[in-house]
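The file final16.cif contains mmCIF, C-alpha atoms (C1' of nucleotides):
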data_protein
loop_
_atom_site.label_atom_id
_atom_site.label_comp_id
_atom_site.auth_asym_id
_atom_site.auth_seq_id
_atom_site.Cartn_x
_atom_site.Cartn_y
_atom_site.Cartn_z
CA MET A 137 -4.95 -13.68 -14.55
CA ALA A 138 -3.03 -10.39 -14.65
CA ASP A 139 0.37 -10.10 -16.35
CA ILE A 140 3.04 -11.28 -13.90
CA PRO A 141 1.71 -9.25 -10.99
CA SER A 142 4.79 -9.47 -8.71
CA TYR A 143 2.85 -7.82 -5.93
CA LYS A 144 5.91 -8.18 -3.77
CA GLN A 145 7.89 -5.64 -5.77
CA ARG A 146 5.13 -3.13 -6.44
CA LYS A 147 5.73 0.13 -4.54
CA VAL A 148 2.33 1.08 -3.22
CA ILE A 149 2.61 1.24 0.58
CA THR A 150 2.79 4.55 2.44
CA ILE A 151 5.28 5.16 5.21
CA GLY A 152 2.61 5.09 7.90
CA VAL A 153 1.59 1.57 6.94
CA VAL A 154 5.21 0.48 6.66
CA SER A 155 5.73 1.80 10.16
CA GLU A 156 2.85 -0.33 11.46
CA LEU A 157 4.05 -3.37 9.53
CA THR A 158 7.65 -3.16 10.71
CA GLY A 159 7.28 -1.57 14.13
CA LEU A 160 9.84 1.05 13.12
CA SER A 161 9.22 4.76 13.56
CA GLU A 162 8.83 6.90 10.46
CA ARG A 163 11.96 8.68 11.53
CA GLN A 164 13.89 5.43 11.49
CA ILE A 165 12.52 4.44 8.10
CA ARG A 166 13.50 7.79 6.58
CA TYR A 167 16.91 7.60 8.17
CA TYR A 168 17.60 4.17 6.69
CA GLU A 169 16.79 5.67 3.33
CA GLU A 170 19.27 8.45 3.99
CA ARG A 171 21.83 5.78 4.73
CA LYS A 172 20.95 4.08 1.42
CA LEU A 173 19.57 0.93 2.94
CA ILE A 174 16.16 1.28 1.38
CA PHE A 175 14.89 2.89 -1.84
CA PRO A 176 11.24 3.87 -1.91
CA GLU A 177 9.67 5.42 -4.96
CA ARG A 178 8.04 8.81 -4.79
CA ALA A 179 4.45 9.59 -5.65
CA PRO A 180 3.89 12.64 -7.89
CA LYS A 181 3.67 14.92 -4.88
CA GLY A 182 6.62 13.48 -3.03
CA ASN A 183 5.10 10.81 -0.82
CA ARG A 184 7.26 7.75 -0.31
CA LYS A 185 5.96 4.43 -1.60
CA TYR A 186 7.28 1.07 -0.44
CA SER A 187 6.88 -2.52 -1.61
CA PHE A 188 6.40 -5.66 0.47
CA ALA A 189 9.99 -6.48 -0.46
CA ASP A 190 11.01 -3.18 1.13
CA VAL A 191 9.04 -4.08 4.24
CA GLU A 192 10.92 -7.37 4.50
CA GLN A 193 14.18 -5.58 3.94
CA LEU A 194 13.34 -3.16 6.75
CA ILE A 195 12.54 -6.03 9.08
CA ASP A 196 15.95 -7.51 8.34
CA ILE A 197 17.53 -4.14 9.01
CA ALA A 198 15.65 -3.82 12.28
CA ASN A 199 16.93 -7.22 13.39
CA LYS A 200 20.50 -6.32 12.57
CA ARG A 201 20.19 -2.99 14.34
CA GLU A 202 18.95 -4.79 17.44
CA GLU A 203 22.09 -6.90 17.30
CA GLY A 204 24.04 -3.66 17.33
CA VAL A 205 25.08 -3.71 13.69
CA GLN A 206 25.62 -0.17 12.38
CA THR A 207 23.89 1.07 9.26
CA TYR A 208 27.25 1.34 7.51
CA GLU A 209 27.95 -2.34 8.10
CA ILE A 210 24.50 -3.28 6.93
CA ARG A 211 25.07 -1.33 3.75
CA GLN A 212 28.39 -3.02 3.10
CA ASP A 213 26.74 -6.43 3.53
CA MET A 214 24.03 -5.42 1.11
CA LEU A 215 26.52 -4.33 -1.52
CA ARG A 216 28.50 -7.54 -1.10
CA ALA A 217 25.37 -9.65 -1.46
CA GLU A 218 24.37 -7.71 -4.54
CA ARG A 219 27.71 -8.20 -6.24
CA LYS A 220 27.51 -11.91 -5.50
CA LYS A 221 24.03 -12.05 -6.95
CA GLU A 222 25.06 -10.26 -10.13
CA LYS A 223 27.98 -12.61 -10.56
CA ARG A 224 25.61 -15.54 -10.28
CA MET A 225 23.20 -14.02 -12.79
CA ARG A 226 25.94 -13.36 -15.31
CA ARG A 227 27.09 -16.95 -14.95
CA ASP A 228 23.54 -18.27 -15.43
CA LEU A 229 22.94 -15.98 -18.37
CA LEU A 230 26.10 -17.23 -20.03
CA ARG A 231 25.12 -20.83 -19.41
CA GLY A 232 21.75 -20.14 -21.01
CA GLU A 233 23.39 -18.72 -24.13
CA ILE A 234 25.70 -21.69 -24.45
CA ASN A 235 22.79 -24.07 -24.15
CA ALA A 236 20.84 -22.11 -26.71
CA ARG A 237 23.65 -22.46 -29.21
CA PHE A 238 24.92 -25.96 -28.53
CA GLY A 239 21.81 -27.60 -27.12
CA ILE A 240 21.03 -28.85 -23.64
CA GLN A 241 23.38 -31.57 -22.50
CA LYS A 242 22.70 -33.83 -19.53
CA GLU A 243 25.20 -33.38 -16.69
CA MET B 149 11.25 -16.87 3.34
CA ALA B 150 8.44 -15.29 5.38
CA ASP B 151 5.45 -17.32 6.58
CA ILE B 152 2.99 -17.58 3.68
CA PRO B 153 3.09 -13.87 2.86
CA SER B 154 -0.02 -13.73 0.62
CA TYR B 155 0.83 -10.18 -0.31
CA LYS B 156 -2.13 -10.22 -2.63
CA GLN B 157 -4.63 -10.32 0.21
CA ARG B 158 -2.87 -7.93 2.59
CA LYS B 159 -4.85 -4.70 2.98
CA VAL B 160 -2.19 -2.01 2.91
CA ILE B 161 -2.97 0.30 -0.01
CA THR B 162 -4.55 3.71 0.47
CA ILE B 163 -7.43 4.93 -1.66
CA GLY B 164 -5.28 7.44 -3.51
CA VAL B 165 -2.94 4.72 -4.74
CA VAL B 166 -5.87 2.47 -5.61
CA SER B 167 -7.25 5.33 -7.64
CA GLU B 168 -4.00 5.59 -9.60
CA LEU B 169 -3.78 1.82 -10.03
CA THR B 170 -7.33 1.42 -11.29
CA GLY B 171 -7.98 4.72 -13.01
CA LEU B 172 -11.16 5.07 -10.96
CA SER B 173 -11.97 8.22 -9.00
CA GLU B 174 -11.97 8.02 -5.22
CA ARG B 175 -15.67 8.84 -5.40
CA GLN B 176 -16.28 5.77 -7.54
CA ILE B 177 -14.23 3.53 -5.27
CA ARG B 178 -16.15 4.68 -2.20
CA TYR B 179 -19.43 4.28 -4.01
CA TYR B 180 -18.66 0.69 -4.97
CA GLU B 181 -18.02 0.04 -1.31
CA GLU B 182 -21.39 1.56 -0.47
CA ARG B 183 -22.91 -0.85 -2.98
CA LYS B 184 -21.08 -3.73 -1.26
CA LEU B 185 -18.85 -4.59 -4.20
CA ILE B 186 -15.63 -4.06 -2.33
CA PHE B 187 -14.63 -4.37 1.33
CA PRO B 188 -11.59 -2.40 2.44
CA GLU B 189 -10.31 -2.55 5.98
CA ARG B 190 -10.04 0.55 8.09
CA ALA B 191 -6.88 1.88 9.70
CA PRO B 192 -7.20 2.93 13.34
CA LYS B 193 -8.18 6.45 12.36
CA GLY B 194 -10.63 5.48 9.67
CA ASN B 195 -8.53 5.40 6.52
CA ARG B 196 -9.51 2.76 4.01
CA LYS B 197 -6.96 0.07 3.21
CA TYR B 198 -7.12 -2.11 0.10
CA SER B 199 -5.31 -5.24 -1.08
CA PHE B 200 -4.01 -6.07 -4.55
CA ALA B 201 -6.91 -8.50 -4.76
CA ASP B 202 -9.24 -5.55 -4.16
CA VAL B 203 -7.49 -3.62 -6.91
CA GLU B 204 -8.07 -6.49 -9.33
CA GLN B 205 -11.66 -6.72 -8.21
CA LEU B 206 -12.10 -3.01 -8.88
CA ILE B 207 -10.63 -3.37 -12.35
CA ASP B 208 -13.17 -6.10 -13.07
CA ILE B 209 -15.91 -3.86 -11.78
CA ALA B 210 -14.70 -0.99 -13.93
CA ASN B 211 -14.80 -3.22 -17.01
CA LYS B 212 -18.33 -4.35 -16.28
CA ARG B 213 -19.47 -0.80 -15.64
CA GLU B 214 -18.05 0.21 -19.01
CA GLU B 215 -20.19 -2.50 -20.54
CA GLY B 216 -23.14 -0.85 -18.86
CA VAL B 217 -23.65 -3.44 -16.15
CA GLN B 218 -25.25 -1.87 -13.07
CA THR B 219 -23.70 -2.26 -9.64
CA TYR B 220 -26.68 -4.31 -8.51
CA GLU B 221 -26.07 -6.85 -11.29
CA ILE B 222 -22.39 -6.98 -10.48
CA ARG B 223 -23.24 -7.69 -6.87
CA GLN B 224 -25.61 -10.48 -7.79
CA ASP B 225 -22.94 -12.07 -9.97
CA MET B 226 -20.47 -11.82 -7.12
CA LEU B 227 -22.84 -13.51 -4.69
CA ARG B 228 -23.55 -16.28 -7.19
CA ALA B 229 -19.85 -16.87 -7.78
CA GLU B 230 -19.24 -16.96 -4.06
CA ARG B 231 -21.93 -19.56 -3.42
CA LYS B 232 -20.50 -21.69 -6.19
CA LYS B 233 -17.05 -21.41 -4.72
CA GLU B 234 -18.24 -22.41 -1.26
CA LYS B 235 -20.02 -25.40 -2.67
CA ARG B 236 -16.82 -26.47 -4.38
CA MET B 237 -14.81 -26.01 -1.20
CA ARG B 238 -17.24 -28.05 0.86
CA ARG B 239 -17.02 -30.81 -1.71
CA ASP B 240 -13.21 -30.73 -1.70
CA LEU B 241 -13.08 -30.63 2.08
CA LEU B 242 -15.31 -33.70 2.25
CA ARG B 243 -13.18 -35.51 -0.26
CA GLY B 244 -10.12 -34.71 1.81
CA GLU B 245 -11.71 -36.19 4.91
CA ILE B 246 -12.68 -39.33 3.12
CA ASN B 247 -9.18 -39.75 1.78
CA ALA B 248 -7.73 -39.14 5.21
CA ARG B 249 -9.85 -41.95 6.63
CA PHE B 250 -9.79 -44.49 3.84
CA GLY B 251 -6.53 -43.60 2.14
CA ILE B 252 -5.80 -42.15 -1.25
CA GLN B 253 -7.06 -44.32 -4.08
CA LYS B 254 -5.89 -43.94 -7.64
CA GLU B 255 -8.69 -42.89 -10.02
"C1'" DC C 274 -28.38 5.18 -10.58
"C1'" DG C 275 -23.68 6.68 -10.74
"C1'" DT C 276 -20.59 10.28 -10.32
"C1'" DG C 277 -18.83 15.16 -9.79
"C1'" DT C 278 -17.95 18.76 -6.64
"C1'" DA C 279 -17.39 22.23 -2.76
"C1'" DA C 280 -16.97 22.16 2.45
"C1'" DG C 281 -14.68 21.68 6.74
"C1'" DG C 282 -12.11 19.00 9.66
"C1'" DA C 283 -8.87 15.55 10.99
"C1'" DA C 284 -4.88 12.81 10.02
"C1'" DT C 285 -0.66 12.10 7.01
"C1'" DT C 286 3.60 13.20 5.11
"C1'" DC C 287 7.46 16.16 4.08
"C1'" DT C 288 11.70 18.81 5.07
"C1'" DG C 289 15.24 20.96 7.82
"C1'" DA C 290 16.66 21.60 12.39
"C1'" DC C 291 17.87 21.13 17.27
"C1'" DA C 292 18.78 17.73 20.95
"C1'" DC C 293 21.27 13.96 23.12
"C1'" DG C 294 24.93 11.09 23.21
"C1'" DC D 13 25.63 7.53 15.03
"C1'" DG D 14 20.82 6.81 15.47
"C1'" DT D 15 16.64 8.53 16.92
"C1'" DG D 16 13.19 11.73 19.17
"C1'" DT D 17 10.67 15.87 18.74
"C1'" DA D 18 8.46 20.49 17.67
"C1'" DA D 19 7.45 23.42 13.44
"C1'" DG D 20 4.97 24.82 9.48
"C1'" DG D 21 3.17 23.73 5.25
"C1'" DA D 22 1.24 20.88 1.73
"C1'" DA D 23 -1.36 16.92 0.38
"C1'" DT D 24 -4.65 13.08 1.78
"C1'" DT D 25 -8.72 11.22 3.41
"C1'" DC D 26 -13.22 11.35 5.53
"C1'" DT D 27 -18.23 12.30 5.79
"C1'" DG D 28 -22.63 14.23 4.48
"C1'" DA D 29 -24.76 16.91 1.06
"C1'" DC D 30 -26.28 19.08 -3.23
"C1'" DA D 31 -26.37 18.53 -8.29
"C1'" DC D 32 -27.58 16.24 -12.61
"C1'" DG D 33 -30.02 12.95 -14.83
#
Give the structure from the file, written as structure tokens.
Amino acid sequence: MADIPSYKQRKVITIGVVSELTGLSERQIRYYEERKLIFPERAPKGNRKYSFADVEQLIDIANKREEGVQTYEIRQDMLRAERKKEKRMRRDLLRGEINARFGIQKE
Amino acid sequence: MADIPSYKQRKVITIGVVSELTGLSERQIRYYEERKLIFPERAPKGNRKYSFADVEQLIDIANKREEGVQTYEIRQDMLRAERKKEKRMRRDLLRGEINARFGIQKE
DNA sequence: CGTGTAAGGAATTCTGACACG
DNA sequence: CGTGTAAGGAATTCTGACACG
């Protein structure tokens, strides 16, 4: 009923709740931000706000950390994945434009 | 990828954020709880926690209040809607059981 | 009835730093 | 490197109450 809610992306969760949800300490969560693994928004007075997507991301990070992966490695993997994703999106966008101009063809 | 996230129902938002999201004062939000229009969970130390569904509910309440509808009326409407919904669910549940026993029939 | 506000206390969050390793 | 902790301050939240209407 609302306009594309996308609750998953909405940054509304405080660090205390994120800590409960992930089992990570607030210290850890702030540190991962320092290492650019996570990007909360800030409320007007400076409080960090996280989304459910961030919570999932933190859980992934926690799992990798348990396996001994360093934050630097995790960041590199993230950047690689992101580049891959952008490449895919550019490709899909291009395909969409071609279809728009020349019509949809089967196969 | 997670197990039926249902982010919409998860009670993780503090009253301050709900206030920003809805435009209602914290006083109003607490009052609507007192009038049994909204049911936040409580964190271990007593802080209220709301879901996105609660936020939507509050926006509906705010709209009705602007139209001059009293909280008592809003509550009655809610109870009526809930009874209707339960009736529907019982009916659907029953239908499901019948189908499970006698198979799905077309039309 | 519905909402604002001041009151006092308790819990939250923030930053920068020291510690250990 | 990754995380814990004590420190001090600022912002948040809570409850019960008085106010107005």
Residues in the PyMOL selection byres ((chain A and resi 180-190) around 6), expressed as a list in words: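 On the file shown, the PyMOL selection byres ((chain A and resi 180-190) around 6) covers Lys144, Gln145, Arg146, Lys147, Val148, Ile149, Thr150, Pro176, Glu177, Arg178, Ala179, Val191, Glu192 and Gln193 of chain A.
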Residues returned when the PyMOL selection byres ((chain A and resi 160-173) around 7) runs on this file, as a list in words: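 For this structure, the PyMOL selection byres ((chain A and resi 160-173) around 7) resolves to Ile151, Gly152, Ser155, Thr158, Gly159, Ile174, Phe175, Thr207 and Arg211 of chain A; DT15 of chain D.
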Interatomic distance (Å, one decimal) between C1' of DT278 (chain C) and CA of Ile207 (chain B): 24.0 Å
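For Gln218 (chain B), the residues within 10 Å (counting only C-alpha atoms (C1' of nucleotides), excluding itself and residues fewer than 5 positions away along the chain) are Ile209, Lys212, Arg213 and Arg223 of chain B; DC274 and DG275 of chain C.
Using the PyMOL selection byres ((chain D and resi 20) around 12) on the file at hand returns these residues: DC287, DT288 and DG289 of chain C; DA18, DA19, DG21 and DA22 of chain D.
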Using the file's own x, y and z axes, what box holds all listed atoms of region 280-288 of chain C with 5 Å on each side, keeping edges along x, y and z, and what are its centre and edge lengths in Å to one decimal, as JSON?
{"center_x": -2.6, "center_y": 17.1, "center_z": 6.7, "size_x": 38.7, "size_y": 20.1, "size_z": 18.5}
Å distance separating C1' of DT285 (chain C) from CA of Val154 (chain A), one decimal place: 13.0 Å
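One distance worth recording is that between CA of Leu169 (chain B) and CA of Glu156 (chain A), which is 22.6 Å.
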